[in-house]
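The next block is work.cif, given as mmCIF, C-alpha atoms.
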```cif
data_target
loop_
_atom_site.group_PDB
_atom_site.id
_atom_site.type_symbol
_atom_site.label_atom_id
_atom_site.label_comp_id
_atom_site.auth_asym_id
_atom_site.auth_seq_id
_atom_site.Cartn_x
_atom_site.Cartn_y
_atom_site.Cartn_z
ATOM 1 C CA MET A 1094 -16.135 -3.542 -14.458
ATOM 2 C CA LYS A 1095 -15.600 -2.872 -18.170
ATOM 3 C CA TYR A 1096 -12.154 -4.479 -18.020
ATOM 4 C CA GLU A 1097 -13.479 -7.493 -16.077
ATOM 5 C CA SER A 1098 -16.308 -7.999 -18.622
ATOM 6 C CA LYS A 1099 -13.839 -7.964 -21.513
ATOM 7 C CA SER A 1100 -11.596 -10.471 -19.728
ATOM 8 C CA LEU A 1101 -14.522 -12.785 -19.027
ATOM 9 C CA LEU A 1102 -15.749 -12.561 -22.633
ATOM 10 C CA LYS A 1103 -12.248 -13.355 -23.906
ATOM 11 C CA ILE A 1104 -12.049 -16.441 -21.686
ATOM 12 C CA VAL A 1105 -15.504 -17.692 -22.760
ATOM 13 C CA ILE A 1106 -14.807 -17.205 -26.506
ATOM 14 C CA SER A 1107 -11.390 -18.868 -26.228
ATOM 15 C CA TYR A 1108 -12.885 -21.817 -24.362
ATOM 16 C CA MET A 1109 -15.679 -22.236 -26.954
ATOM 17 C CA LEU A 1110 -13.277 -22.046 -29.917
ATOM 18 C CA PHE A 1111 -11.047 -24.682 -28.396
ATOM 19 C CA GLY A 1112 -14.117 -26.850 -27.758
ATOM 20 C CA PHE A 1113 -15.169 -26.652 -31.423
ATOM 21 C CA PHE A 1114 -11.618 -27.391 -32.523
ATOM 22 C CA TRP A 1115 -11.511 -30.476 -30.300
ATOM 23 C CA ILE A 1116 -14.889 -31.822 -31.453
ATOM 24 C CA PHE A 1117 -14.122 -31.536 -35.164
ATOM 25 C CA SER A 1118 -10.369 -32.107 -35.223
ATOM 26 C CA SER A 1119 -9.433 -34.485 -32.405
ATOM 27 C CA GLY A 1120 -10.383 -37.600 -34.437
ATOM 28 C CA LYS A 1121 -8.227 -36.515 -37.370
ATOM 29 C CA ILE A 1122 -5.326 -35.762 -35.043
ATOM 30 C CA LEU A 1123 -5.607 -39.239 -33.498
ATOM 31 C CA HIS A 1124 -5.467 -40.804 -36.983
ATOM 32 C CA LEU A 1125 -2.241 -38.911 -37.645
ATOM 33 C CA ILE A 1126 -0.757 -40.007 -34.309
ATOM 34 C CA THR A 1127 -1.413 -43.719 -34.819
ATOM 35 C CA ARG A 1128 -2.505 -46.098 -37.608
ATOM 36 C CA ASP A 1129 -2.964 -48.977 -35.192
ATOM 37 C CA MET A 1130 -6.693 -49.546 -34.682
ATOM 38 C CA SER A 1131 -6.428 -50.909 -31.124
ATOM 39 C CA THR A 1132 -4.312 -47.925 -30.034
ATOM 40 C CA TYR A 1133 -6.719 -45.585 -31.811
ATOM 41 C CA ILE A 1134 -9.693 -47.083 -29.939
ATOM 42 C CA ILE A 1135 -7.928 -46.649 -26.601
ATOM 43 C CA LEU A 1136 -7.028 -43.016 -27.375
ATOM 44 C CA GLU A 1137 -10.543 -42.320 -28.634
ATOM 45 C CA ARG A 1138 -11.975 -43.729 -25.412
ATOM 46 C CA TYR A 1139 -9.801 -41.525 -23.201
ATOM 47 C CA LYS A 1140 -9.607 -38.367 -25.304
ATOM 48 C CA SER A 1141 -12.428 -36.768 -23.295
ATOM 49 C CA TYR A 1142 -10.217 -36.990 -20.220
ATOM 50 C CA PHE A 1143 -7.380 -35.392 -22.140
ATOM 51 C CA TYR A 1144 -9.760 -32.626 -23.158
ATOM 52 C CA VAL A 1145 -10.797 -31.926 -19.562
ATOM 53 C CA ILE A 1146 -7.196 -31.876 -18.326
ATOM 54 C CA LEU A 1147 -5.943 -29.695 -21.171
ATOM 55 C CA THR A 1148 -8.805 -27.198 -21.112
ATOM 56 C CA SER A 1149 -8.641 -26.945 -17.313
ATOM 57 C CA PHE A 1150 -4.959 -26.067 -17.574
ATOM 58 C CA LEU A 1151 -5.568 -23.494 -20.311
ATOM 59 C CA LEU A 1152 -8.524 -22.020 -18.427
ATOM 60 C CA PHE A 1153 -6.430 -21.719 -15.276
ATOM 61 C CA LYS A 1154 -3.692 -19.917 -17.218
ATOM 62 C CA MET A 1155 -6.137 -17.438 -18.765
ATOM 63 C CA ILE A 1156 -7.870 -16.699 -15.467
ATOM 64 C CA ARG A 1157 -4.559 -16.242 -13.675
ATOM 65 C CA ASN A 1158 -3.271 -13.851 -16.342
ATOM 66 C CA SER A 1159 -6.516 -11.874 -16.229
ATOM 67 C CA TYR A 1160 -6.332 -11.715 -12.429
ATOM 68 C CA PHE A 1161 -2.805 -10.300 -12.482
ATOM 69 C CA LYS A 1162 -3.818 -7.721 -15.076
ATOM 70 C CA MET A 1163 -6.780 -6.664 -12.928
ATOM 71 C CA GLU A 1164 -4.465 -6.461 -9.891
ATOM 72 C CA GLU A 1165 -2.171 -4.123 -11.837
ATOM 73 C CA THR A 1166 -5.136 -2.032 -12.998
ATOM 74 C CA ASN A 1167 -6.524 -1.783 -9.462
ATOM 75 C CA LYS A 1168 -3.120 -0.858 -8.056
ATOM 76 C CA LYS A 1169 -2.724 1.930 -10.621
ATOM 77 C CA PHE A 1170 -6.239 3.129 -9.766
ATOM 78 C CA HIS A 1171 -5.344 3.236 -6.056
ATOM 79 C CA GLN A 1172 -2.166 5.170 -6.831
ATOM 80 C CA ASP A 1173 -4.150 7.732 -8.819
ATOM 81 C CA ILE A 1174 -6.646 8.175 -5.976
ATOM 82 C CA VAL A 1175 -3.907 8.643 -3.392
ATOM 83 C CA GLN A 1176 -1.943 11.036 -5.588
ATOM 84 C CA SER A 1177 -5.058 13.152 -6.113
ATOM 85 C CA PHE A 1178 -5.501 13.417 -2.341
ATOM 86 C CA ILE A 1179 -1.868 14.378 -1.792
ATOM 87 C CA THR A 1180 -1.878 16.926 -4.627
ATOM 88 C CA ALA A 1181 -4.968 18.573 -3.114
ATOM 89 C CA LEU A 1182 -3.234 18.739 0.285
ATOM 90 C CA GLU A 1183 -0.070 20.241 -1.206
ATOM 91 C CA PHE A 1184 -2.116 22.971 -2.884
ATOM 92 C CA HIS A 1185 -3.588 23.703 0.539
ATOM 93 C CA ASP A 1186 -0.279 23.706 2.426
ATOM 94 C CA LYS A 1187 3.008 24.151 0.569
ATOM 95 C CA TYR A 1188 5.008 22.956 3.578
ATOM 96 C CA THR A 1189 3.598 19.452 3.236
ATOM 97 C CA LYS A 1190 5.080 19.139 -0.270
ATOM 98 C CA GLY A 1191 7.407 16.163 -0.266
ATOM 99 C CA HIS A 1192 6.617 15.306 3.363
ATOM 100 C CA SER A 1193 4.190 12.509 2.547
ATOM 101 C CA GLU A 1194 6.580 10.982 0.020
ATOM 102 C CA ALA A 1195 9.473 11.060 2.488
ATOM 103 C CA VAL A 1196 7.463 9.590 5.375
ATOM 104 C CA ALA A 1197 6.228 6.802 3.078
ATOM 105 C CA SER A 1198 9.793 6.005 1.977
ATOM 106 C CA TYR A 1199 11.127 5.947 5.559
ATOM 107 C CA SER A 1200 8.174 3.836 6.712
ATOM 108 C CA ALA A 1201 8.706 1.310 3.927
ATOM 109 C CA GLU A 1202 12.407 0.990 4.838
ATOM 110 C CA ILE A 1203 11.521 0.363 8.489
ATOM 111 C CA GLY A 1204 8.768 -2.069 7.492
ATOM 112 C CA GLU A 1205 11.125 -4.103 5.311
ATOM 113 C CA ALA A 1206 13.677 -4.239 8.132
ATOM 114 C CA LEU A 1207 10.938 -5.554 10.438
ATOM 115 C CA GLY A 1208 10.129 -8.294 7.926
ATOM 116 C CA LEU A 1209 6.898 -6.921 6.499
ATOM 117 C CA LYS A 1210 6.085 -8.205 3.013
ATOM 118 C CA GLY A 1211 3.467 -8.147 0.288
ATOM 119 C CA HIS A 1212 0.135 -6.502 1.034
ATOM 120 C CA GLU A 1213 1.172 -5.502 4.549
ATOM 121 C CA LEU A 1214 4.111 -3.513 3.180
ATOM 122 C CA ASP A 1215 1.848 -1.972 0.531
ATOM 123 C CA ASP A 1216 -0.661 -0.991 3.235
ATOM 124 C CA LEU A 1217 2.128 0.653 5.220
ATOM 125 C CA TYR A 1218 3.300 2.647 2.211
ATOM 126 C CA TRP A 1219 -0.189 3.939 1.360
ATOM 127 C CA ALA A 1220 -1.092 4.698 4.982
ATOM 128 C CA ALA A 1221 2.157 6.650 5.384
ATOM 129 C CA THR A 1222 1.570 8.494 2.118
ATOM 130 C CA MET A 1223 -1.876 9.588 3.295
ATOM 131 C CA HIS A 1224 -1.215 10.021 7.015
ATOM 132 C CA ASP A 1225 -1.724 13.814 6.946
ATOM 133 C CA ILE A 1226 -4.599 13.974 4.456
ATOM 134 C CA GLY A 1227 -6.926 15.194 7.224
ATOM 135 C CA LYS A 1228 -5.001 18.471 7.349
ATOM 136 C CA ILE A 1229 -6.812 19.482 4.189
ATOM 137 C CA ILE A 1230 -9.628 20.792 6.416
ATOM 138 C CA VAL A 1231 -7.276 22.697 8.775
ATOM 139 C CA PRO A 1232 -7.147 26.455 8.020
ATOM 140 C CA ILE A 1233 -3.849 27.466 6.459
ATOM 141 C CA GLU A 1234 -3.277 30.173 9.080
ATOM 142 C CA ILE A 1235 -3.274 27.478 11.775
ATOM 143 C CA LEU A 1236 -1.081 25.054 9.835
ATOM 144 C CA ASN A 1237 1.640 27.663 9.335
ATOM 145 C CA LYS A 1238 1.257 29.684 12.507
ATOM 146 C CA GLU A 1239 4.704 30.590 13.908
ATOM 147 C CA GLU A 1240 3.482 31.358 17.430
ATOM 148 C CA LYS A 1241 2.292 28.772 19.941
ATOM 149 C CA LEU A 1242 -1.158 27.400 19.137
ATOM 150 C CA ASN A 1243 -3.984 28.162 21.541
ATOM 151 C CA ASP A 1244 -6.207 25.359 22.875
ATOM 152 C CA ARG A 1245 -8.829 25.761 20.143
ATOM 153 C CA GLU A 1246 -6.245 25.727 17.360
ATOM 154 C CA TYR A 1247 -4.450 22.731 18.869
ATOM 155 C CA LYS A 1248 -7.734 20.801 19.006
ATOM 156 C CA ILE A 1249 -8.319 21.546 15.331
ATOM 157 C CA ILE A 1250 -4.826 20.271 14.486
ATOM 158 C CA LYS A 1251 -5.371 17.119 16.564
ATOM 159 C CA ASP A 1252 -8.595 16.372 14.689
ATOM 160 C CA HIS A 1253 -6.699 15.871 11.431
ATOM 161 C CA SER A 1254 -6.100 12.171 12.157
ATOM 162 C CA LYS A 1255 -9.834 11.609 12.673
ATOM 163 C CA ILE A 1256 -10.677 13.551 9.534
ATOM 164 C CA GLY A 1257 -8.078 11.589 7.567
ATOM 165 C CA TYR A 1258 -9.635 8.366 8.824
ATOM 166 C CA GLU A 1259 -13.115 9.529 7.787
ATOM 167 C CA ILE A 1260 -11.916 10.513 4.303
ATOM 168 C CA VAL A 1261 -9.990 7.313 3.594
ATOM 169 C CA SER A 1262 -12.431 4.870 5.217
ATOM 170 C CA LYS A 1263 -15.142 5.964 2.760
ATOM 171 C CA ASN A 1264 -13.169 4.272 -0.036
ATOM 172 C CA ASP A 1265 -13.620 0.492 0.131
ATOM 173 C CA SER A 1266 -10.256 -0.224 -1.486
ATOM 174 C CA LEU A 1267 -8.410 1.964 1.051
ATOM 175 C CA LYS A 1268 -10.499 1.246 4.150
ATOM 176 C CA LYS A 1269 -7.990 -1.215 5.616
ATOM 177 C CA VAL A 1270 -5.313 1.501 5.898
ATOM 178 C CA SER A 1271 -7.636 4.072 7.470
ATOM 179 C CA LYS A 1272 -7.101 2.745 11.028
ATOM 180 C CA CYS A 1273 -3.355 3.218 10.620
ATOM 181 C CA ILE A 1274 -3.961 6.844 9.678
ATOM 182 C CA LEU A 1275 -6.304 7.315 12.650
ATOM 183 C CA HIS A 1276 -3.683 6.169 15.166
ATOM 184 C CA HIS A 1277 -0.416 7.595 13.847
ATOM 185 C CA HIS A 1278 -0.333 10.186 16.666
ATOM 186 C CA GLU A 1279 -0.862 7.721 19.487
ATOM 187 C CA ARG A 1280 1.999 7.447 21.992
ATOM 188 C CA TRP A 1281 3.584 4.336 23.446
ATOM 189 C CA ASP A 1282 2.831 5.618 26.980
ATOM 190 C CA GLY A 1283 -0.858 6.171 26.174
ATOM 191 C CA MET A 1284 -0.664 9.983 26.212
ATOM 192 C CA GLY A 1285 -1.306 10.417 22.481
ATOM 193 C CA TYR A 1286 -4.471 10.998 20.467
ATOM 194 C CA PRO A 1287 -7.201 10.465 19.349
ATOM 195 C CA GLU A 1288 -7.977 7.418 21.536
ATOM 196 C CA GLY A 1289 -5.081 7.297 23.993
ATOM 197 C CA LEU A 1290 -4.004 3.806 22.918
ATOM 198 C CA LYS A 1291 -1.001 2.398 24.762
ATOM 199 C CA GLY A 1292 1.842 0.056 23.793
ATOM 200 C CA ASP A 1293 0.897 -2.691 21.369
ATOM 201 C CA GLU A 1294 -2.719 -1.521 21.374
ATOM 202 C CA ILE A 1295 -1.409 0.846 18.706
ATOM 203 C CA PRO A 1296 -1.358 -0.800 15.250
ATOM 204 C CA LEU A 1297 2.181 -1.731 14.201
ATOM 205 C CA LEU A 1298 1.910 0.288 10.986
ATOM 206 C CA SER A 1299 0.900 3.369 13.001
ATOM 207 C CA GLN A 1300 3.905 2.867 15.285
ATOM 208 C CA ILE A 1301 6.170 2.877 12.237
ATOM 209 C CA ILE A 1302 4.561 5.951 10.670
ATOM 210 C CA SER A 1303 4.866 7.850 13.958
ATOM 211 C CA VAL A 1304 8.653 7.446 13.989
ATOM 212 C CA ALA A 1305 9.073 8.201 10.277
ATOM 213 C CA ASP A 1306 6.795 11.252 10.550
ATOM 214 C CA SER A 1307 8.646 12.645 13.574
ATOM 215 C CA TRP A 1308 12.054 12.094 11.990
ATOM 216 C CA HIS A 1309 11.152 13.991 8.846
ATOM 217 C CA ALA A 1310 9.469 16.784 10.817
ATOM 218 C CA MET A 1311 12.572 17.220 12.985
ATOM 219 C CA THR A 1312 15.078 17.198 10.110
ATOM 220 C CA SER A 1313 13.122 19.390 7.660
ATOM 221 C CA LYS A 1314 13.133 23.157 7.228
ATOM 222 C CA ARG A 1315 9.976 24.944 8.360
ATOM 223 C CA SER A 1316 9.242 28.623 8.868
ATOM 224 C CA TYR A 1317 7.951 28.020 12.403
ATOM 225 C CA LYS A 1318 10.752 25.847 13.873
ATOM 226 C CA ASN A 1319 14.464 25.176 13.757
ATOM 227 C CA GLN A 1320 15.758 22.270 11.714
ATOM 228 C CA LEU A 1321 17.647 19.638 13.729
ATOM 229 C CA THR A 1322 20.784 17.908 12.546
ATOM 230 C CA CYS A 1323 20.593 14.134 12.120
ATOM 231 C CA GLU A 1324 22.587 13.672 15.334
ATOM 232 C CA GLU A 1325 20.204 15.912 17.283
ATOM 233 C CA ALA A 1326 17.183 14.131 15.830
ATOM 234 C CA ILE A 1327 18.628 10.729 16.793
ATOM 235 C CA GLU A 1328 19.059 12.018 20.365
ATOM 236 C CA GLU A 1329 15.400 13.103 20.395
ATOM 237 C CA LEU A 1330 14.238 9.697 19.204
ATOM 238 C CA LEU A 1331 16.290 7.926 21.868
ATOM 239 C CA LYS A 1332 15.112 10.342 24.566
ATOM 240 C CA ASN A 1333 11.485 9.556 23.715
ATOM 241 C CA LYS A 1334 11.955 5.811 23.237
ATOM 242 C CA GLY A 1335 9.442 3.955 25.370
ATOM 243 C CA THR A 1336 7.367 7.089 26.032
ATOM 244 C CA GLN A 1337 6.359 8.615 22.708
ATOM 245 C CA PHE A 1338 7.773 5.912 20.436
ATOM 246 C CA ALA A 1339 7.685 2.111 20.358
ATOM 247 C CA PRO A 1340 11.104 0.780 21.503
ATOM 248 C CA GLN A 1341 11.233 -1.861 18.764
ATOM 249 C CA ILE A 1342 10.652 0.705 16.026
ATOM 250 C CA ILE A 1343 13.303 3.059 17.412
ATOM 251 C CA ASN A 1344 15.824 0.218 17.643
ATOM 252 C CA THR A 1345 15.134 -0.786 14.046
ATOM 253 C CA PHE A 1346 15.361 2.813 12.850
ATOM 254 C CA ILE A 1347 18.688 3.376 14.617
ATOM 255 C CA ASP A 1348 20.083 0.122 13.205
ATOM 256 C CA LEU A 1349 19.052 1.190 9.706
ATOM 257 C CA TYR A 1350 20.570 4.622 10.152
ATOM 258 C CA ASN A 1351 23.864 3.264 11.483
ATOM 259 C CA SER A 1352 24.126 0.490 8.886
ATOM 260 C CA LYS A 1353 23.817 2.949 6.035
ATOM 261 C CA GLU A 1354 25.968 5.624 7.680
ATOM 262 C CA GLY A 1355 23.341 8.265 7.188
ATOM 263 C CA ALA A 1356 22.444 7.247 3.628
ATOM 264 C CA PHE A 1357 19.049 6.222 5.017
ATOM 265 C CA MET A 1358 18.217 9.923 5.142
ATOM 266 C CA PHE A 1359 17.292 11.732 1.947
ATOM 267 C CA GLU A 1360 19.470 14.763 1.474
ATOM 268 C CA LYS A 1361 16.601 17.115 0.712
ATOM 269 C CA SER A 1362 15.257 20.322 2.148
ATOM 270 C CA TYR A 1363 11.491 20.845 2.055
#
```
Could I get this file's structure written as structure tokens?
Amino acid sequence: MKYESKSLLKIVISYMLFGFFWIFSSGKILHLITRDMSTYIILERYKSYFYVILTSFLLFKMIRNSYFKMEETNKKFHQDIVQSFITALEFHDKYTKGHSEAVASYSAEIGEALGLKGHELDDLYWAATMHDIGKIIVPIEILNKEEKLNDREYKIIKDHSKIGYEIVSKNDSLKKVSKCILHHHERWDGMGYPEGLKGDEIPLLSQIISVADSWHAMTSKRSYKNQLTCEEAIEELLKNKGTQFAPQIINTFIDLYNSKEGAFMFEKSY
């Protein structure tokens, strides 16, 4: 609000100064342009139109510049909010460190290959970055348990997508990505959670995050599971194509992987 007030005040002052300049100086300028009285009279008659056209153009330029500056400020503010969430989660669970960043990067690559642009691609990146934020309420002993989870513990884990949705949807600027977070554990065959959505009932961005999330989980080191090779992980994706994962997303992912000869994967261990 403080930035917007300053921008508005700057526009108003600039507009007023130009108005004063025009009132007191336009006649003198016209005299310098022409000494012919008939031409001067014509220019004097139409100078108000010139003023409207010129000031409208200048006003448009100032407003547009201010808008872009506010967009940049808002974007930085959103980044700071998201980073605070992720930092809090990483303090809670060291094994999530780097996971959100990787899933966001993979998701963005898939999104670009699918033709997503602009705000939709931004929404995908932020939703993927924050997809696991609900795990901040899951006890650490459950998150890192090496044995099989019991029914109560599994229910707590499953609730993380709902909790993430509740956290993110409370922020007006991030509300539009909250649904993508809610549904990133839905399955193409309708056997996922929390709402059992099926096929294209699942938001496209959630379909993308699901694949990116699973890929990174399969190919990353964890204390409670074996790390798969890229070839083994590809086999798992193909085996679950059309059941757990959206066929279109798997096809796009495989094409990306093959086209970059494995460079699509970050050579990191988390």
Exercise for review: In Å, rounded to a single decimal, give me how far CA of Leu1331 (chain A) is from CA of Leu1298 (chain A).
Suggested key: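 For CA of Leu1298 (chain A) relative to CA of Leu1331 (chain A), the distance reads 19.6 Å.
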Review point. The PyMOL selection byres ((chain A and resi 1235) around 12) on the file shown: which residues, as a list of chain:residue names?
Key: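 On the file shown, the PyMOL selection byres ((chain A and resi 1235) around 12) covers A:His1185, A:Asp1186, A:Lys1228, A:Ile1229, A:Ile1230, A:Val1231, A:Pro1232, A:Ile1233, A:Glu1234, A:Leu1236, A:Asn1237, A:Lys1238, A:Glu1239, A:Glu1240, A:Lys1241, A:Leu1242, A:Asn1243, A:Asp1244, A:Arg1245, A:Glu1246, A:Tyr1247, A:Lys1248, A:Ile1249, A:Ile1250, A:Lys1251, A:Tyr1317.
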Check your understanding: Looking at all atoms listed in the file, which of A:Ile1301, A:His1253, A:Ile1226, A:Ser1131 is the one that sits closest to Leu1214 (chain A)?
Key -> A:Ile1301
**Study point:** Shortest interatomic distance to Asn1333 (chain A) - which of A:Asp1129, A:Asp1215, A:Asp1282, A:Asp1348, counting all atoms listed in the file
**Key:** A:Asp1282
Practice item. With a distance cut-off of 10 Å and all atoms listed in the file, select the neighbouring residues of region 1285-1288 of chain A, excluding the residue or stretch itself and same-chain residues fewer than 3 positions from it, and output the selection as a ChimeraX atom specification. Key: /A:1251-1255,1275-1282,1291,1295,1336-1337
Review point. Can you tell me how far CA of Leu1321 (chain A) sits from CA of His1309 (chain A), in Å to one decimal?
Key: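 Distance reported for this atom pair: 9.9 Å.
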